[in-house]
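Peer 1: Take this structure, written in structure tokens, and hold onto it; I'll ask about it next.
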Amino acid sequence: MTTEMKQKSGLMTILKSGFVAGNLDAIAGVIVYYIWFGFNPIQVLQFIASGVHSPTAIGGGAMMVVAGLIYHFIIAYVCAVIYFYAYPKIELLRNNKIIAGLLFGLGIWLVMNLLVLPNSNIPKGPFDLGLAIVGIIWHMTLVGLPIALITSKHYEK
């Protein structure tokens, strides 16, 4: 395989894993935020946009929906890129792809909830243990694991 073909294949792997994880995460987020808060999908995306644009984004119309969707997928693709480039360098990722994917998902949840969200403009609410447990499980199984499995398939070729 030529260098150009490897680069294209790597890019396609990142695009696929980010797309799959981003969509699964969005579906889970819509379901969970509907159950917990009664949010519809539009409100979930506006809520995401509020992290950058302030809580006024929640009533901000179509532009904030699009912004929330863009920010959501940027985060998913950043996670996919990090895992893709870490995979050949970290033996644990290669030898234990399922455990590594689950731990990566946990790491994503921790970074988002302990670093990113507290330093964003997202409206602050009280800590909810049930929501945290559900969020951890969904990020482990629907975000970290698909990125790990799709990435490992690329490197096993």
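For the structure tokens, the naming scheme is as follows: chains receive sequential letters (A, B, ...) according to their order of presentation, residues are indexed from 1 within each chain, and ligands are indexed from 1 in presentation order.
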Determine which residues of region 34-103 of chain A DSSP labels as alpha helix (DSSP H) from the backbone of this structure, then write them out as a ChimeraX atom specification.

Peer 2: /A:34-37,41-53,62-86,91-95,97-103

Peer 1: Smallest atom-to-atom distance to Ala80 (chain A): which of A:Ser50, A:Asn23, A:Asn96, A:Ser17, using only C-alpha atoms?

Peer 2: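 Closest candidate: A:Ser17.
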
Peer 1: Residues near region 33-47 of chain A, anyone? I mean within 8 Å using only C-alpha atoms, not counting same-chain ones fewer than 2 positions away, as a ChimeraX atom specification.

Peer 2: /A:29-31,49-51,55,57-61,64-69,122,131
